[in-house]
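Structure below is protein-v5.txt: compact mmCIF, C-alpha atoms.
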# COMPACT_ATOMS: atom_id res chain seq x y z
CA MET E 1 0.00 0.00 0.00
CA ALA E 2 2.98 2.29 0.53
CA ALA E 3 3.51 2.34 -3.22
CA ASN E 4 -0.13 3.21 -3.78
CA ARG E 5 -0.89 6.37 -1.84
CA TRP E 6 -4.48 7.13 -0.93
CA VAL E 7 -6.30 10.17 -2.23
CA MET E 8 -9.71 11.62 -1.53
CA GLU E 9 -11.82 13.46 -4.08
CA LYS E 10 -15.13 15.00 -2.95
CA GLY E 11 -15.39 12.45 -0.14
CA VAL E 12 -14.58 9.42 -2.30
CA LEU E 13 -11.58 7.39 -1.16
CA GLY E 14 -9.24 6.04 -3.82
CA ARG E 15 -5.71 4.91 -4.60
CA GLU E 16 -3.34 7.21 -6.44
CA ASP E 17 -2.70 4.52 -9.07
CA GLY E 18 -6.45 4.11 -9.67
CA GLY E 19 -6.47 0.54 -8.36
CA LEU E 20 -9.27 -1.08 -6.38
CA PHE E 21 -9.44 -1.28 -2.59
CA SER E 22 -8.94 -4.63 -0.91
CA ALA E 23 -10.64 -5.76 2.29
CA ALA E 24 -7.33 -5.23 4.12
CA ALA E 25 -7.18 -1.64 2.87
CA ALA E 26 -10.80 -1.11 3.93
CA MET E 27 -9.95 -2.29 7.44
CA LYS E 28 -7.10 0.21 7.54
CA ALA E 29 -9.45 2.96 6.37
CA GLY E 30 -11.90 2.16 9.16
CA ALA E 31 -9.10 2.23 11.73
CA ALA E 32 -7.84 5.61 10.45
CA LEU E 33 -11.34 7.07 10.67
CA ALA E 34 -11.75 5.86 14.26
CA GLU E 35 -8.36 7.32 15.16
CA ILE E 36 -9.03 10.86 13.91
CA PHE E 37 -12.47 10.99 15.54
CA GLY E 38 -11.16 9.86 18.91
CA LYS E 39 -12.89 6.48 19.08
CA GLY E 40 -16.21 8.16 18.38
CA ASN E 41 -19.49 6.92 16.94
CA ILE E 42 -19.22 6.11 13.24
CA CYS E 43 -22.32 5.45 11.16
CA THR E 44 -21.83 2.84 8.42
CA GLY E 45 -23.94 1.75 5.45
CA MET E 46 -23.68 0.02 2.10
CA GLY E 47 -25.20 -0.54 -1.29
CA ASP E 48 -26.83 -3.93 -1.86
CA SER E 49 -24.04 -6.07 -3.34
CA PRO E 50 -21.57 -8.76 -2.15
CA ALA E 51 -18.63 -6.42 -2.86
CA ALA E 52 -20.14 -3.65 -0.74
CA GLY E 53 -20.89 -6.10 2.07
CA GLY E 54 -17.36 -7.50 2.16
CA ILE E 55 -15.65 -4.11 2.04
CA LEU E 56 -17.97 -2.69 4.71
CA ARG E 57 -17.45 -5.58 7.13
CA ALA E 58 -13.68 -5.10 6.83
CA ALA E 59 -13.97 -1.35 7.43
CA GLU E 60 -16.21 -1.93 10.45
CA SER E 61 -13.61 -4.34 11.87
CA GLY E 62 -10.98 -1.61 11.62
CA ILE E 63 -13.24 0.85 13.42
CA LEU E 64 -14.04 -1.59 16.23
CA GLN E 65 -10.41 -2.63 16.69
CA GLN E 66 -9.43 1.01 17.29
CA GLY E 67 -12.14 1.45 19.91
CA GLY E 68 -14.66 3.25 17.71
CA ASN E 69 -18.36 2.42 17.93
CA VAL E 70 -20.12 1.28 14.75
CA TRP E 71 -23.67 2.48 14.25
CA ALA E 72 -24.69 0.17 11.44
CA ALA E 73 -27.43 1.43 9.10
CA GLY E 74 -27.03 -1.65 6.90
CA SER E 75 -28.18 -1.77 3.30
CA CYS E 76 -29.46 1.60 2.00
CA PHE E 77 -29.08 4.08 -0.84
CA GLU E 78 -26.65 6.95 -0.45
CA SER E 79 -28.99 9.87 0.21
CA GLN E 80 -30.80 7.74 2.80
CA PHE E 81 -27.45 7.01 4.44
CA GLY E 82 -26.59 10.72 4.55
CA TYR E 83 -29.87 11.27 6.39
CA CYS E 84 -28.98 8.49 8.88
CA VAL E 85 -25.59 10.07 9.63
CA GLY E 86 -27.25 13.40 10.37
CA ARG E 87 -30.25 12.06 12.28
CA SER E 88 -28.19 9.68 14.45
CA GLY E 89 -25.79 12.39 15.59
CA ALA E 90 -22.80 10.25 14.61
CA ASP E 91 -19.36 11.86 14.52
CA CYS E 92 -18.85 10.76 10.91
CA GLY E 93 -20.00 8.21 8.35
CA LEU E 94 -18.54 5.55 6.06
CA PHE E 95 -20.58 4.33 3.10
CA VAL E 96 -19.63 1.60 0.61
CA ASP E 97 -21.51 1.84 -2.67
CA PHE E 98 -22.66 -1.00 -4.93
CA SER E 99 -19.24 -1.30 -6.62
CA GLY E 100 -17.25 -1.33 -3.37
CA GLU E 101 -16.24 2.35 -3.52
CA ILE E 102 -15.77 3.98 -0.11
CA ARG E 103 -17.31 7.40 0.64
CA LEU E 104 -16.69 9.33 3.85
CA TYR E 105 -19.07 11.78 5.54
CA GLY E 106 -18.59 14.35 8.27
CA ARG E 107 -20.95 15.30 11.09
CA GLY E 108 -24.52 15.94 10.05
CA GLY E 109 -24.13 13.91 6.86
CA LEU E 110 -22.06 16.72 5.31
CA PRO E 111 -18.71 16.37 3.51
CA LEU E 112 -15.59 16.08 5.64
CA CYS E 113 -13.88 19.43 6.05
CA GLU E 114 -10.39 19.88 4.57
CA ARG E 115 -8.65 19.42 7.94
CA GLU E 116 -10.48 16.15 8.59
CA GLN E 117 -9.56 14.86 5.13
CA GLN E 118 -5.89 15.64 5.67
CA ASP E 119 -5.90 14.10 9.18
CA PHE E 120 -7.49 10.95 7.75
CA LEU E 121 -4.93 10.60 4.93
CA GLU E 122 -2.11 11.10 7.44
CA ALA E 123 -3.53 8.43 9.76
CA ALA E 124 -3.93 6.05 6.81
CA LYS E 125 -0.18 6.29 6.05
CA LYS E 126 0.67 4.30 9.17
CA PRO E 127 1.87 0.78 8.32
CA GLU E 128 -0.93 -0.97 10.21
CA PRO E 129 -3.52 -0.23 12.88
CA ARG E 130 -2.14 -0.47 16.40
CA ALA E 131 -3.24 -3.48 18.44
CA VAL E 132 -5.51 -2.74 21.41
CA TYR E 133 -6.50 -4.71 24.49
CA TRP E 134 -9.64 -6.78 23.90
CA GLY E 135 -11.57 -4.73 26.43
CA ASP E 136 -10.91 -1.53 24.45
CA TRP E 137 -12.70 -2.63 21.29
CA GLY E 138 -15.73 -0.59 20.28
CA ARG E 139 -19.33 -1.76 20.08
CA LEU E 140 -21.51 -2.43 17.06
CA VAL E 141 -25.09 -1.15 17.33
CA SER E 142 -27.77 -1.74 14.71
CA MET E 143 -29.31 1.48 13.41
CA GLU E 144 -31.34 -0.18 10.65
CA ASN E 145 -34.66 1.04 12.05
CA LEU E 146 -33.44 4.62 11.66
CA ARG E 147 -33.58 4.18 7.88
CA GLU E 148 -37.37 4.03 8.04
CA PHE E 149 -37.55 7.61 9.36
CA TYR E 150 -36.27 8.74 5.97
CA CYS E 151 -39.88 8.46 4.74
CA VAL E 152 -40.92 10.93 7.46
CA GLU E 153 -38.22 13.34 6.30
CA LEU E 154 -39.54 13.07 2.73
CA ILE E 155 -42.96 14.19 3.95
CA ARG E 156 -41.44 17.06 5.93
CA ALA E 157 -39.51 18.18 2.84
CA ALA E 158 -42.75 18.72 0.92
CA GLU E 159 -44.12 21.16 3.54
CA THR E 160 -47.63 21.11 2.02
CA THR E 161 -50.10 18.62 0.63
CA LEU E 162 -49.82 17.95 -3.09
CA CYS E 163 -53.52 17.63 -3.86
CA GLY E 164 -54.15 18.62 -7.46
CA ILE E 165 -50.60 17.79 -8.59
CA SER E 166 -50.22 14.94 -11.10
CA ALA E 167 -46.79 13.56 -11.93
CA ASP E 168 -44.89 10.52 -13.11
CA ILE E 169 -42.25 9.43 -10.54
CA LYS E 170 -39.26 7.52 -11.91
CA CYS E 171 -36.12 6.06 -10.33
CA ALA E 172 -33.86 3.13 -11.26
CA ASN E 173 -33.65 2.14 -7.58
CA PRO E 174 -36.83 0.13 -6.79
CA ARG E 175 -36.61 0.80 -3.06
CA LEU E 176 -36.29 4.57 -3.44
CA CYS E 177 -38.86 4.67 -6.25
CA GLY E 178 -41.39 2.89 -4.04
CA MET E 179 -40.73 5.26 -1.12
CA LEU E 180 -41.06 8.35 -3.30
CA ARG E 181 -44.22 7.18 -5.03
CA GLU E 182 -45.84 6.20 -1.72
CA THR E 183 -44.92 9.58 -0.17
CA PHE E 184 -46.27 11.46 -3.21
CA VAL E 185 -49.60 9.64 -2.98
CA ARG E 186 -49.81 10.09 0.81
CA LEU E 187 -49.40 13.83 0.25
CA GLY E 188 -52.39 13.81 -2.08
CA GLY E 189 -50.59 13.69 -5.42
CA LYS E 190 -51.84 11.61 -8.33
CA LEU E 191 -49.52 9.28 -10.21
CA ARG E 192 -49.88 9.29 -13.97
CA ASP E 193 -47.72 8.50 -16.99
CA GLY E 194 -46.55 11.38 -19.14
CA GLY E 195 -46.92 15.07 -18.41
CA LEU E 196 -44.88 16.37 -15.47
CA THR E 197 -42.11 13.84 -14.75
CA VAL E 198 -39.79 13.61 -11.76
CA GLN E 199 -36.75 11.36 -12.20
CA VAL E 200 -34.43 10.73 -9.25
CA SER E 201 -31.02 9.08 -9.59
CA ALA E 202 -30.51 5.59 -8.17
CA ASP E 203 -28.40 6.93 -5.27
CA GLY E 204 -31.03 9.57 -4.45
CA ARG E 205 -28.63 12.50 -4.79
CA ASP E 206 -29.79 14.03 -8.08
CA VAL E 207 -33.13 14.90 -9.65
CA THR E 208 -34.41 15.85 -13.09
CA VAL E 209 -37.83 17.43 -13.62
CA TYR E 210 -39.47 17.91 -17.04
CA ARG E 211 -42.67 17.96 -19.06
CA THR E 212 -41.00 17.36 -22.41
CA MET E 213 -37.41 16.50 -23.32
CA GLN E 214 -36.99 20.15 -24.40
CA ASP E 215 -37.62 21.67 -20.95
CA ILE E 216 -35.50 19.50 -18.66
CA ILE E 217 -34.51 21.04 -15.32
CA HIS E 218 -31.52 19.34 -13.70
CA THR E 219 -30.47 19.24 -10.03
CA ASP E 220 -28.62 22.58 -9.92
CA ARG E 221 -31.60 24.48 -11.33
CA VAL E 222 -34.06 22.65 -9.06
CA LEU E 223 -31.84 23.63 -6.12
CA CYS E 224 -31.85 27.26 -7.30
CA LEU E 225 -35.66 27.33 -7.53
CA VAL E 226 -35.98 25.94 -4.01
CA CYS E 227 -33.45 28.45 -2.67
CA LEU E 228 -35.18 31.41 -4.35
CA ASP E 229 -38.40 30.34 -2.65
CA LEU E 230 -36.60 30.28 0.72
CA PHE E 231 -35.14 33.76 0.11
CA ARG E 232 -38.61 35.14 -0.60
CA ARG E 233 -39.79 33.67 2.67
CA GLY E 234 -37.00 35.37 4.61
CA GLU E 235 -34.69 32.40 5.12
CA ASP E 236 -30.94 31.93 4.64
CA VAL E 237 -29.51 28.74 3.12
CA ALA E 238 -26.39 26.60 3.63
CA LEU E 239 -24.87 25.11 0.48
CA PRO E 240 -21.66 23.38 -0.59
CA ALA E 241 -18.98 25.63 -2.04
CA SER E 242 -19.58 24.12 -5.50
CA ALA E 243 -23.28 25.08 -5.64
CA PRO E 244 -24.25 27.77 -8.21
CA ARG E 245 -22.67 31.11 -7.32
CA MET E 246 -25.60 33.08 -8.76
CA LEU E 247 -27.43 32.23 -5.56
CA ASP E 248 -25.14 34.58 -3.61
CA ARG E 249 -26.30 37.48 -5.77
CA ALA E 250 -29.96 36.41 -5.59
CA ALA E 251 -29.72 36.14 -1.80
CA ALA E 252 -28.18 39.61 -1.48
CA GLU E 253 -30.97 41.12 -3.60
CA ALA E 254 -33.51 39.54 -1.24
CA GLY E 255 -31.62 40.65 1.87
CA ARG E 256 -30.65 37.08 2.73
CA GLN E 257 -27.36 35.15 2.83
CA VAL E 258 -25.84 31.96 1.43
CA PHE E 259 -23.51 30.19 3.87
CA ARG E 260 -21.11 27.75 2.23
CA TYR E 261 -19.23 24.70 3.51
CA GLU E 262 -16.27 22.84 2.02
CA ASP E 263 -16.89 20.05 -0.47
CA GLY E 264 -13.56 19.88 -2.28
CA PHE E 265 -13.64 23.66 -2.78
CA PRO E 266 -12.82 26.17 -0.01
CA ALA E 267 -15.45 28.05 2.00
CA CYS E 268 -14.94 30.85 4.53
CA THR E 269 -18.06 30.31 6.65
CA GLY E 270 -17.63 26.56 7.16
CA MET E 271 -18.75 25.98 10.76
CA GLU E 272 -21.68 28.38 10.66
CA ALA E 273 -22.72 26.89 7.34
CA ARG E 274 -22.54 23.35 8.66
CA GLY E 275 -24.81 24.15 11.58
CA LEU E 276 -27.47 25.53 9.25
CA ALA E 277 -26.97 22.75 6.68
CA VAL E 278 -27.83 20.09 9.26
CA ARG E 279 -31.24 21.75 9.58
CA GLN E 280 -31.73 21.82 5.79
CA PRO E 281 -31.22 18.21 4.62
CA PHE E 282 -33.61 18.75 1.69
CA LEU E 283 -31.04 20.99 -0.03
CA ARG E 284 -28.64 18.08 -0.62
CA ASP E 285 -31.10 15.25 -1.35
CA GLY E 286 -32.58 14.74 -4.82
CA ALA E 287 -35.82 13.11 -3.66
CA MET E 288 -36.46 15.83 -1.07
CA LEU E 289 -35.67 18.57 -3.59
CA ALA E 290 -38.22 17.03 -5.96
CA LEU E 291 -40.97 17.06 -3.35
CA ARG E 292 -40.09 20.61 -2.28
CA LEU E 293 -40.31 21.75 -5.91
CA LEU E 294 -43.72 20.10 -6.31
CA SER E 295 -44.81 21.89 -3.15
CA ILE E 296 -43.70 25.23 -4.64
CA LEU E 297 -45.69 24.44 -7.81
CA LYS E 298 -48.72 23.68 -5.65
CA ARG E 299 -48.42 26.95 -3.70
CA SER E 300 -47.72 29.12 -6.74
CA GLY E 301 -50.41 27.59 -8.92
CA GLY E 302 -48.14 28.15 -11.91
CA SER E 303 -46.47 25.87 -14.43
CA LEU E 304 -42.96 24.48 -14.40
CA ALA E 305 -41.97 26.81 -17.26
CA GLU E 306 -43.33 29.85 -15.39
CA LEU E 307 -41.39 28.84 -12.31
CA GLU E 308 -38.11 28.39 -14.19
CA SER E 309 -38.54 31.76 -15.91
CA GLN E 310 -37.94 33.35 -12.49
CA LEU E 311 -34.35 32.09 -12.46
CA PRO E 312 -31.64 34.64 -13.31
CA GLY E 313 -29.71 33.55 -16.38
CA PHE E 314 -26.71 31.36 -15.61
CA ALA E 315 -24.84 28.51 -17.25
CA VAL E 316 -22.15 26.10 -16.07
CA VAL E 317 -19.51 24.48 -18.27
CA SER E 318 -17.26 21.82 -16.74
CA ARG E 319 -14.42 19.64 -17.93
CA THR E 320 -11.37 17.75 -16.67
CA VAL E 321 -8.07 18.88 -18.17
CA ALA E 322 -4.34 18.18 -17.81
CA GLY E 323 -2.49 20.25 -15.22
CA ASN E 324 -1.90 20.68 -11.51
CA VAL E 325 -3.40 22.80 -8.74
CA PRO E 326 -2.38 22.50 -5.08
CA ALA E 327 -5.96 22.40 -3.76
CA GLY E 328 -9.52 23.33 -4.60
CA MET E 329 -10.01 27.05 -5.29
CA VAL E 330 -12.65 29.52 -6.46
CA LEU E 331 -11.46 32.35 -8.74
CA HIS E 332 -13.61 35.42 -9.38
CA PHE E 333 -13.73 37.25 -12.70
CA SER E 334 -15.84 40.09 -14.05
CA LYS E 335 -17.64 37.58 -16.28
CA GLY E 336 -18.20 34.89 -13.68
CA GLU E 337 -16.49 32.35 -11.44
CA LEU E 338 -14.02 29.58 -12.19
CA LEU E 339 -13.75 26.63 -9.81
CA LEU E 340 -10.70 24.36 -9.87
CA ARG E 341 -9.73 21.29 -7.90
CA PRO E 342 -7.18 18.49 -8.38
CA VAL E 343 -8.47 15.17 -9.69
CA GLY E 344 -7.32 12.53 -7.22
CA GLY E 345 -4.75 10.05 -8.43
CA LYS E 346 -4.27 11.74 -11.80
CA ASN E 347 -2.31 14.59 -13.32
CA GLY E 348 -5.51 16.50 -13.92
CA VAL E 349 -7.70 19.38 -12.82
CA PHE E 350 -11.48 19.62 -12.71
CA LEU E 351 -12.62 22.98 -14.09
CA SER E 352 -16.10 24.46 -13.71
CA ALA E 353 -16.96 27.90 -15.07
CA GLU E 354 -20.22 29.66 -14.19
CA CYS E 355 -21.33 32.72 -16.16
CA ARG E 356 -24.55 34.35 -17.33
CA ASP E 357 -24.60 32.33 -20.57
CA ALA E 358 -23.08 29.11 -21.89
CA GLU E 359 -20.86 30.82 -24.47
CA THR E 360 -19.13 32.99 -21.86
CA ALA E 361 -18.81 30.03 -19.47
CA ALA E 362 -17.13 27.99 -22.22
CA GLU E 363 -14.78 30.91 -22.92
CA LEU E 364 -13.80 31.18 -19.25
CA CYS E 365 -13.30 27.42 -19.07
CA ARG E 366 -10.98 27.55 -22.12
CA PHE E 367 -9.04 30.39 -20.51
CA GLY E 368 -8.51 28.22 -17.41
CA GLU E 369 -7.40 25.26 -19.53
CA GLU E 370 -4.93 27.38 -21.55
CA SER E 371 -3.41 28.85 -18.36
CA LEU E 372 -2.91 25.39 -16.86
CA ALA E 373 -1.36 24.13 -20.10
CA LYS E 374 1.30 26.84 -19.65
CA GLY E 375 1.94 25.65 -16.10
CA GLU E 376 0.24 28.74 -14.64
CA LEU E 377 -2.79 29.32 -12.47
CA PRO E 378 -5.51 31.45 -14.14
CA GLU E 379 -5.01 35.07 -13.10
CA GLN E 380 -8.19 36.57 -11.67
CA ASP E 381 -9.79 39.41 -13.64
CA ALA E 382 -7.49 38.70 -16.57
CA THR E 383 -10.33 37.90 -18.98

If you convert what's in this file into structure tokens, what do you get?
Amino acid sequence: MAANRWVMEKGVLGREDGGLFSAAAAMKAGAALAEIFGKGNICTGMGDSPAAGGILRAAESGILQQGGNVWAAGSCFESQFGYCVGRSGADCGLFVDFSGEIRLYGRGGLPLCEREQQDFLEAAKKPEPRAVYWGDWGRLVSMENLREFYCVELIRAAETTLCGISADIKCANPRLCGMLRETFVRLGGKLRDGGLTVQVSADGRDVTVYRTMQDIIHTDRVLCLVCLDLFRRGEDVALPASAPRMLDRAAAEAGRQVFRYEDGFPACTGMEARGLAVRQPFLRDGAMLALRLLSILKRSGGSLAELESQLPGFAVVSRTVAGNVPAGMVLHFSKGELLLRPVGGKNGVFLSAECRDAETAAELCRFGEESLAKGELPEQDAT
């Protein structure tokens, strides 16, 4: 493992050479997590596959051996697991997805902060977990019943009944699809094929809403619509640093504020943002965002197109390019913002430009790529 250093990209644990994690490496990861959180309570969960089960059991063994307590949520989808981490009050979370990929969470189901990521990677460099006396091992507690409260959180996310709203609910995950459809009907909505369609990703993190294939609204724009509604109602929001920057301007115009927390990109108001984010789980959950948007449609009495027309113009263009940056960063230009972060385990940089239109965003993205190709960081306000 010494020859294959570990890296972490947006909470996903990987090896620098791109190789797969073994059960032994997973055990070491669990031990490192227990070490940096002082033998705390660590919520664990997994996708439904033999690979996920094997990797998770190894990671849990590492946690227990270092004296950490395992709060086992068992088999669940990722957004449901994030809810369990937050609701349980665990110090952190470790999730193994269907393919055996390990994802780490901080308190409240939020991303680990930069300091926690670095502490974890340092702890993982140790040759092997230290042996402890048998009486110092942690305890494993089943938290599987907590998963069922996710349905209650879905109902809370909607805020209102959905009587009079008809929609087609789609999701490749049968368990999540069933939960979402049942919640929609319990709220008074009517299921029907065609027309307004809500499609949630299999992990529950993303959502797409549309009436026709020409008017698709993806997760970022759904998030913006929900946030604009909160601003009008006199509320602030807490968002990851990578969320659309246009929301900062929209919040200021409404006399409100966007607090941001780290998610691979830096944020200045991390701790204050994290406290508020724990109280707003619907802003980072695709299924909850979908129900909140349907609730806004119900209250407004308007159409999806009318609702989207309220959004200020913005476009995001992203790509991964060759180059190096020391850490995630947000650069501000007169035309928009450029976000950069290293791509773990590769000689690459993820670029994301946000401007008022797609053409300008593509131009800013090209400028960032050209600067990196010269071995330079893009100079702010140089465009």

Open item on the list: Counting all atoms listed in the file, which residue out of E:Phe314, E:Gly323, E:Leu104, E:Glu359 sits closest to E:Lys374?
Closed with: E:Gly323

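Interatomic distance, atom CA of E:Pro378 against atom CA of E:Lys10: 22.1 Å.
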
- [ ] Could you tell me which of E:Tyr83, E:Tyr105, E:Phe350, E:Tyr210 comes closest to E:Leu283 if we count only C-alpha atoms?
- [x]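 With only C-alpha atoms as the atom set, the closest residue is E:Tyr83.
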
TODO: Using only C-alpha atoms, pick whichever of E:Leu33, E:Val330, E:Val141, E:Leu311 has the shortest atom-to-atom distance to E:Gln117.
DONE: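 The closest residue to E:Gln117 is E:Leu33.
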
Open item on the list: Can you tell me which residues surround stretch 264-268 of chain E at a distance of at most 8 Å, considering all atoms listed in the file, apart from same-chain residues fewer than 3 positions away, and format the answer as a list of chain:residue names?
Closed with: E:Glu9, E:Lys10, E:Gly11, E:Glu114, E:Ala241, E:Ser242, E:Arg260, E:Tyr261, E:Ala327, E:Gly328, E:Met329, E:Val330, E:Leu339, E:Leu340, E:Arg341

How would the residues just chosen look if you wrote them out with C-alpha atoms as a PDB file, in the coordinates of the input?
ATOM      1  CA  GLU E   9     -11.820  13.460  -4.080  1.00  0.00           C
ATOM      2  CA  LYS E  10     -15.130  15.000  -2.950  1.00  0.00           C
ATOM      3  CA  GLY E  11     -15.390  12.450  -0.140  1.00  0.00           C
ATOM      4  CA  GLU E 114     -10.390  19.880   4.570  1.00  0.00           C
ATOM      5  CA  ALA E 241     -18.980  25.630  -2.040  1.00  0.00           C
ATOM      6  CA  SER E 242     -19.580  24.120  -5.500  1.00  0.00           C
ATOM      7  CA  ARG E 260     -21.110  27.750   2.230  1.00  0.00           C
ATOM      8  CA  TYR E 261     -19.230  24.700   3.510  1.00  0.00           C
ATOM      9  CA  ALA E 327      -5.960  22.400  -3.760  1.00  0.00           C
ATOM     10  CA  GLY E 328      -9.520  23.330  -4.600  1.00  0.00           C
ATOM     11  CA  MET E 329     -10.010  27.050  -5.290  1.00  0.00           C
ATOM     12  CA  VAL E 330     -12.650  29.520  -6.460  1.00  0.00           C
ATOM     13  CA  LEU E 339     -13.750  26.630  -9.810  1.00  0.00           C
ATOM     14  CA  LEU E 340     -10.700  24.360  -9.870  1.00  0.00           C
ATOM     15  CA  ARG E 341      -9.730  21.290  -7.900  1.00  0.00           C
TER      16      ARG E 341
END

Task: atom CA of E:Val258 to atom CA of E:Ala238, straight-line distance in Å - done: 5.8 Å

Open item on the list: To one decimal place in Å, what is the distance between atom CA of E:Ala290 and atom CA of E:Val198?
Closed with: 6.9 Å

TODO: Compile the contact shell of E:Leu13 as number ranges by chain: residues with an atom at most 12 Å away, counting only C-alpha atoms, same-chain residues fewer than 3 positions apart removed.
DONE: E: 5-10, 16, 18-21, 25-26, 29-30, 33, 94-97, 100-105, 112, 117, 120-121, 124, 343-345

Open item on the list: Calculated over all atoms listed in the file, which of the candidates E:Met271, E:Leu304, E:Ile36, E:Leu187 has the smallest distance to E:Arg156?
Closed with: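 Among E:Met271, E:Leu304, E:Ile36, E:Leu187, it is E:Leu187 that comes nearest to E:Arg156.
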
Task: Nearby residues (all atoms listed in the file) at most 9 Å from stretch 158-175 of chain E, same-chain spacing under 3 positions excluded, as a PyMOL selection string - done: chain E and resi 76-77+153-155+178-181+184-204+288-299

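Minimum distance to E:Phe37 across E:Ala51, E:Ala59, E:Ala123, E:Ala273 (counting all atoms listed in the file) occurs at E:Ala123.
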
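Closest approach to E:Ile216 from the set E:Arg366, E:Ala31, E:Glu308, E:Glu116 is made by E:Glu308, with distances taken over all atoms listed in the file.
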
TODO: Write out as an NGL selection string each polymer residue whose atoms come within 12 Å of E:Thr44, counting all atoms listed in the file; drop sequence neighbours fewer than 4 positions from it.
DONE: :E and (30 or 33 or 52-53 or 55-61 or 63-64 or 68-78 or 80-85 or 88 or 90-97 or 102-106 or 109 or 140-144 or 147)

- [ ] For E:Glu376, please output as a PyMOL selection string all residues within 9 Å (counting only C-alpha atoms; exclusion window: fewer than 5 positions along the same chain).
- [x] chain E and resi 323-324+370-371

With C-alpha atoms retained, output stretch 317-341 of chain E as a JSON list (two decimals), in the first residue's frame.
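Produced file result-v2.json, reproduced below:
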[["chain", "number", "residue", "atom", "x", "y", "z"],
["E", 317, "VAL", "CA", -19.51, 24.48, -18.27],
["E", 318, "SER", "CA", -17.26, 21.82, -16.74],
["E", 319, "ARG", "CA", -14.42, 19.64, -17.93],
["E", 320, "THR", "CA", -11.37, 17.75, -16.67],
["E", 321, "VAL", "CA", -8.07, 18.88, -18.17],
["E", 322, "ALA", "CA", -4.34, 18.18, -17.81],
["E", 323, "GLY", "CA", -2.49, 20.25, -15.22],
["E", 324, "ASN", "CA", -1.90, 20.68, -11.51],
["E", 325, "VAL", "CA", -3.40, 22.80, -8.74],
["E", 326, "PRO", "CA", -2.38, 22.50, -5.08],
["E", 327, "ALA", "CA", -5.96, 22.40, -3.76],
["E", 328, "GLY", "CA", -9.52, 23.33, -4.60],
["E", 329, "MET", "CA", -10.01, 27.05, -5.29],
["E", 330, "VAL", "CA", -12.65, 29.52, -6.46],
["E", 331, "LEU", "CA", -11.46, 32.35, -8.74],
["E", 332, "HIS", "CA", -13.61, 35.42, -9.38],
["E", 333, "PHE", "CA", -13.73, 37.25, -12.70],
["E", 334, "SER", "CA", -15.84, 40.09, -14.05],
["E", 335, "LYS", "CA", -17.64, 37.58, -16.28],
["E", 336, "GLY", "CA", -18.20, 34.89, -13.68],
["E", 337, "GLU", "CA", -16.49, 32.35, -11.44],
["E", 338, "LEU", "CA", -14.02, 29.58, -12.19],
["E", 339, "LEU", "CA", -13.75, 26.63, -9.81],
["E", 340, "LEU", "CA", -10.70, 24.36, -9.87],
["E", 341, "ARG", "CA", -9.73, 21.29, -7.90]]
